[in-house]
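Participant: This is the structure I want to talk about, given as structure tokens.
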Amino acid sequence: MSIRADHLCHLYGEGTAFEQYALKDVSFEIGDGEFVGLIGHTGSGKSTLIQHLNGLLQASSGKIYYNGEDIDGDGYDRRNLRSRVGLVFQYPEHQLFEVDVLSDVCFGPKNQGLSREEAEVRAREALTLVGLEERFWDKSPFELSGGQKRRVAIAGVLAMQPEVLILDEPTAGLDPRGRDEILDEIAALHKDRGMTIVLVSHSMEDIARYADRILVMNHGEKRFDGPPREVFAHYRELEEMGLAAPQITYVVHKLREHGISIPEDITTVEEARDAILELLRPERAKASGRQTWGKAGSGE
Amino acid sequence: MSMGIIKASKLIFDYIRRDEEDRIEEVNRAIDGLDLDIREGDFVAVLGHNGSGKSTFAKQINGILLPTEGTVWISGMKTTDDSHIWDIRKTAGMVFQNPDNQIIGNVVEEDVGFGPENLGVPTDEIWRRVEESLQAVGMTAFRMKSPNKLSGGQKQRVAIAGVMAMKPRCIVLDEPTAMLDPNGRKDVIRTIHELNKKEGITVLLITHYMEEVIEADRVIVMDDGHLVMDGTPREIFSRVKELKEYRLDVPQVTELAYELKKEGVDLPDGILTIEELTEALVPLFREQQADRENGIPTGGQREHVNQG
């Protein structure tokens, strides 16, 4: 199973003086069970791109294939696609509207044609997955905290049992713990259920920690596509695009400037800690059979 | 008695929900006995998890919400005193999270002029203020543009200019960067620091981004409607465990330094910047290297590294 974008273009205001490419010749393939981070500055085309992936927007040219099928092809069931590729918008809690949490989460599956009973089974399961305690289920969604509302909204998409989950900045406005909790739950969906995840985020730290692969968009074009350590090695180019690398990457580069031969592709606190300890305590590293203190002072 | 520009004493605020017959259904205490005094000219960062009471407190500062019990003074004026409410709002301006909810003008300069116009400022003076405020936030080049053509960070700077044009002595910003990309975030934070330094405006910055806090003069942490921590960024970020208990975090460099210290590496407390961390680490690497070259087993530098 996969999503494939093939020379995707999206033109706003086609044929007018305001004609502008929102997406320009974007191609990639996201395989089954991948965890992809999507980054880019405001207006880089990220949101336009993800709306193509479940057929909400139609490409000006180019194609999207879901499991090999052209989603704009004749007779393709796009309604069905939308429940297989679940999209969680920015600030999804603004879309909550039902009288209680459980009914709100039932809305999606009921729309898929399930009975109230079946929908409730799905809703209960989804709410459990996002870690919202049962005592909140009969409350009005508007009485909940920001993090709880966000969970309800994500559960609403999960209840449709999508194969792919796309989230547009799911942690914006949440406190650090709330952010970690939501991301950990998303990571668990990926790990335990094999769900394919596309995470749009402005936090390079979060992307470095969770994604296996990063797609970088800039002015409607795909600029980088690779594992975090490869992509963040281009931190100077990322800065020119209004992005950055995680703070840790800068620490590592600073140390290298001082001639410390720490690997340059480190992107998380844990990796940095281990690498620094290894350099400071080579004999301990030797005992565990790892590489020892290298050519210190000769770093470029 | 000297009093800061913002002062709260025994402040309590309850959100009260009533049914159709006006009977009280539920009372939620958002602020529970807050005492706080903020000195004019300070840059104060307010941290706290969602629901800790920080936004409720922000709304007390310009009288959007009024105390259930206790008192809030802005520049010596009580917020409960009706006759002062306009002066209070002129003294303390607010900027909120979503720029799209705060911009009303069709052209940037119009939007910035809206505030002073509402205050009845004479036209010449309005234009002078628009000019100055746009300059202060670095948006002069955009004055004739439509706000909806701007990026999120630019919109927030326009919103800040709009507040500046009312000549406040204090600006309260409630998560102004939550919706911005890294560059927009940097621009907005730089802008508020400049206003604070150059114009001497008191800043109260509410944020969830720990990196935005390190240059503040003072950091206060709220939890459950109480003030639970109060100090310089270095003091606050030395208390990593405590911060995490309040659902907060520290910048990545501080976290890395903390993790290394836990492993016995000799580093000072409360490291805040990349430079501080590298400066502290490089000598340790050099020593290790020298010891190695002199054939001294690394166990010899136990004063720096505790072999766990």
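Every chain in the structure tokens takes a letter, A first, then B, and so on in the order presented; its residues are numbered from 1, and the ligands are numbered from 1 following the presented order.
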I need the contact residues of chain A against chain B, so if you could list those with any atom within 8 Å, counting only C-alpha atoms, and return them as a VMD selection string, that would help.

Facilitator: chain A and resid 41 to 43 145 to 147 172 to 178 202 to 203 242 to 244 247 to 248 250 to 251 254 to 255 258 260 269 to 270 272 to 273 277 279 to 283 296

Participant: Write a file of the selected residues as a short mmCIF file (atom, residue, chain, number, x, y, z; two decimals), in the first residue's frame, keeping N, CA and C atoms.

Facilitator:
data_model
loop_
_atom_site.label_atom_id
_atom_site.label_comp_id
_atom_site.auth_asym_id
_atom_site.auth_seq_id
_atom_site.Cartn_x
_atom_site.Cartn_y
_atom_site.Cartn_z
N HIS A 41 8.09 26.43 5.45
CA HIS A 41 7.60 27.65 6.11
C HIS A 41 6.14 27.88 5.73
N THR A 42 5.50 28.85 6.39
CA THR A 42 4.11 29.18 6.08
C THR A 42 4.02 29.55 4.60
N GLY A 43 3.09 28.94 3.90
CA GLY A 43 2.93 29.25 2.48
C GLY A 43 3.84 28.43 1.57
N SER A 145 -10.34 20.64 28.29
CA SER A 145 -9.16 21.49 28.11
C SER A 145 -8.71 21.40 26.66
N GLY A 146 -7.78 22.27 26.29
CA GLY A 146 -7.28 22.31 24.92
C GLY A 146 -6.75 20.97 24.45
N GLY A 147 -5.94 20.33 25.29
CA GLY A 147 -5.33 19.05 24.92
C GLY A 147 -6.38 17.96 24.79
N ALA A 172 0.08 22.35 17.98
CA ALA A 172 0.14 23.81 18.09
C ALA A 172 -0.69 24.28 19.29
N GLY A 173 -0.10 25.10 20.12
CA GLY A 173 -0.83 25.68 21.25
C GLY A 173 -0.93 24.78 22.48
N LEU A 174 -0.36 23.59 22.42
CA LEU A 174 -0.42 22.71 23.59
C LEU A 174 0.82 22.92 24.46
N ASP A 175 0.69 22.66 25.77
CA ASP A 175 1.85 22.79 26.64
C ASP A 175 2.79 21.61 26.37
N PRO A 176 4.06 21.72 26.82
CA PRO A 176 5.05 20.70 26.47
C PRO A 176 4.61 19.27 26.79
N ARG A 177 4.02 19.07 27.94
CA ARG A 177 3.60 17.70 28.28
C ARG A 177 2.49 17.24 27.35
N GLY A 178 1.52 18.12 27.11
CA GLY A 178 0.42 17.79 26.21
C GLY A 178 0.94 17.44 24.83
N HIS A 202 6.00 22.54 12.76
CA HIS A 202 7.01 23.60 12.73
C HIS A 202 8.10 23.32 13.75
N SER A 203 7.95 22.26 14.53
CA SER A 203 8.95 21.96 15.54
C SER A 203 9.94 20.94 14.99
N GLY A 242 13.67 29.55 5.78
CA GLY A 242 12.86 29.94 6.93
C GLY A 242 12.64 28.80 7.90
N LEU A 243 13.46 27.75 7.78
CA LEU A 243 13.34 26.63 8.71
C LEU A 243 14.59 26.58 9.58
N ALA A 244 14.82 25.50 10.22
CA ALA A 244 16.00 25.38 11.07
C ALA A 244 16.25 23.91 11.29
N GLN A 247 17.83 22.26 17.85
CA GLN A 247 18.89 22.96 18.60
C GLN A 247 20.12 22.08 18.77
N ILE A 248 19.88 20.78 18.99
CA ILE A 248 20.97 19.84 19.21
C ILE A 248 21.95 19.79 18.04
N TYR A 250 22.80 22.17 16.19
CA TYR A 250 23.69 23.33 16.29
C TYR A 250 24.77 23.11 17.34
N VAL A 251 24.41 22.45 18.43
CA VAL A 251 25.40 22.15 19.47
C VAL A 251 26.51 21.29 18.87
N LYS A 254 28.74 23.22 16.55
CA LYS A 254 29.61 24.11 17.33
C LYS A 254 30.79 23.31 17.90
N LEU A 255 30.51 22.13 18.42
CA LEU A 255 31.57 21.30 18.99
C LEU A 255 32.58 20.91 17.90
N HIS A 258 35.09 23.41 17.15
CA HIS A 258 36.18 23.42 18.12
C HIS A 258 37.08 22.20 17.95
N ILE A 260 36.19 19.01 17.95
CA ILE A 260 35.75 17.78 18.61
C ILE A 260 35.12 16.88 17.55
N VAL A 269 18.49 14.76 21.62
CA VAL A 269 19.19 14.90 22.89
C VAL A 269 19.84 13.56 23.28
N GLU A 270 19.12 12.47 23.10
CA GLU A 270 19.64 11.16 23.51
C GLU A 270 20.89 10.80 22.71
N ALA A 272 22.94 12.85 21.24
CA ALA A 272 24.03 13.74 21.61
C ALA A 272 24.64 13.30 22.95
N ARG A 273 23.77 12.97 23.89
CA ARG A 273 24.27 12.54 25.20
C ARG A 273 25.18 11.32 25.04
N LEU A 277 29.22 11.24 25.84
CA LEU A 277 29.73 10.34 26.88
C LEU A 277 30.74 9.37 26.29
N LEU A 279 32.74 9.94 23.86
CA LEU A 279 34.00 10.65 23.63
C LEU A 279 34.74 10.91 24.95
N LEU A 280 33.97 11.18 26.00
CA LEU A 280 34.60 11.49 27.28
C LEU A 280 35.06 10.24 28.01
N ARG A 281 34.50 9.11 27.67
CA ARG A 281 34.83 7.85 28.38
C ARG A 281 35.09 6.73 27.41
N PRO A 282 36.17 6.86 26.65
CA PRO A 282 36.39 5.87 25.58
C PRO A 282 36.53 4.45 26.11
N GLU A 283 37.12 4.28 27.31
CA GLU A 283 37.36 2.90 27.77
C GLU A 283 36.05 2.20 28.06
N ALA A 296 40.90 13.32 17.45
CA ALA A 296 40.48 14.56 18.09
C ALA A 296 41.35 15.70 17.61
#

Participant: Write down as an NGL selection string the residues of region 102-264 of chain B whose backbone DSSP state falls under alpha helix (DSSP H).

Facilitator: :B and (108-118 or 123-136 or 152-164 or 182-199 or 233-237 or 240-245 or 252-262)

Participant: Taking into account only C-alpha atoms, which residue in the set B:Leu34, B:Met164, B:Met3, B:Val27 is nearest to Thr71 (chain B)?

Facilitator: B:Leu34

Participant: Give me, as a ChimeraX atom specification, all polymer residues having an atom no more than 9 Å from Gly108 (chain A), counting only C-alpha atoms and skipping those fewer than 3 positions away in the same chain.

Facilitator: /A:83,104-105,111-112,119,156-160

Participant: Mind dumping the selected residues with C-alpha atoms as a PDB file, in the first residue's frame?

Facilitator:
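Below is the file that was written, part-v1.pdb:
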ATOM      1  CA  SER A  83     -11.972   7.413   5.294  1.00  0.00           C
ATOM      2  CA  ASP A 104     -18.871  13.814  18.225  1.00  0.00           C
ATOM      3  CA  VAL A 105     -16.508  10.925  17.625  1.00  0.00           C
ATOM      4  CA  ASN A 111     -21.314   9.121   7.926  1.00  0.00           C
ATOM      5  CA  GLN A 112     -19.578   6.038   6.610  1.00  0.00           C
ATOM      6  CA  ALA A 119     -20.226   3.734  15.393  1.00  0.00           C
ATOM      7  CA  GLY A 156     -13.039  11.529  15.373  1.00  0.00           C
ATOM      8  CA  VAL A 157     -10.720  10.757  12.476  1.00  0.00           C
ATOM      9  CA  LEU A 158      -9.375   7.526  13.999  1.00  0.00           C
ATOM     10  CA  ALA A 159     -12.925   6.211  14.424  1.00  0.00           C
ATOM     11  CA  MET A 160     -13.147   5.999  10.649  1.00  0.00           C
TER      12      MET A 160
END

Participant: Do you know which residues are at most 8 Å from Val163 (chain B) counting only C-alpha atoms, after dropping those on the same chain fewer than 3 positions away, and could you put them as a PyMOL selection string?

Facilitator: chain B and resi 93-95+112+115+159-160+166-168+171

Participant: Of the residues A:Met217, A:Ala245, A:Ile276, A:Leu102, which is the one nearest to Glu205 (chain A), using only C-alpha atoms?

Facilitator: A:Ala245

Participant: So which one's closest to Val85 (chain A), A:Ile166, A:Ala187, A:Ala123, A:Ala155? Using only C-alpha atoms, please.

Facilitator: A:Ile166
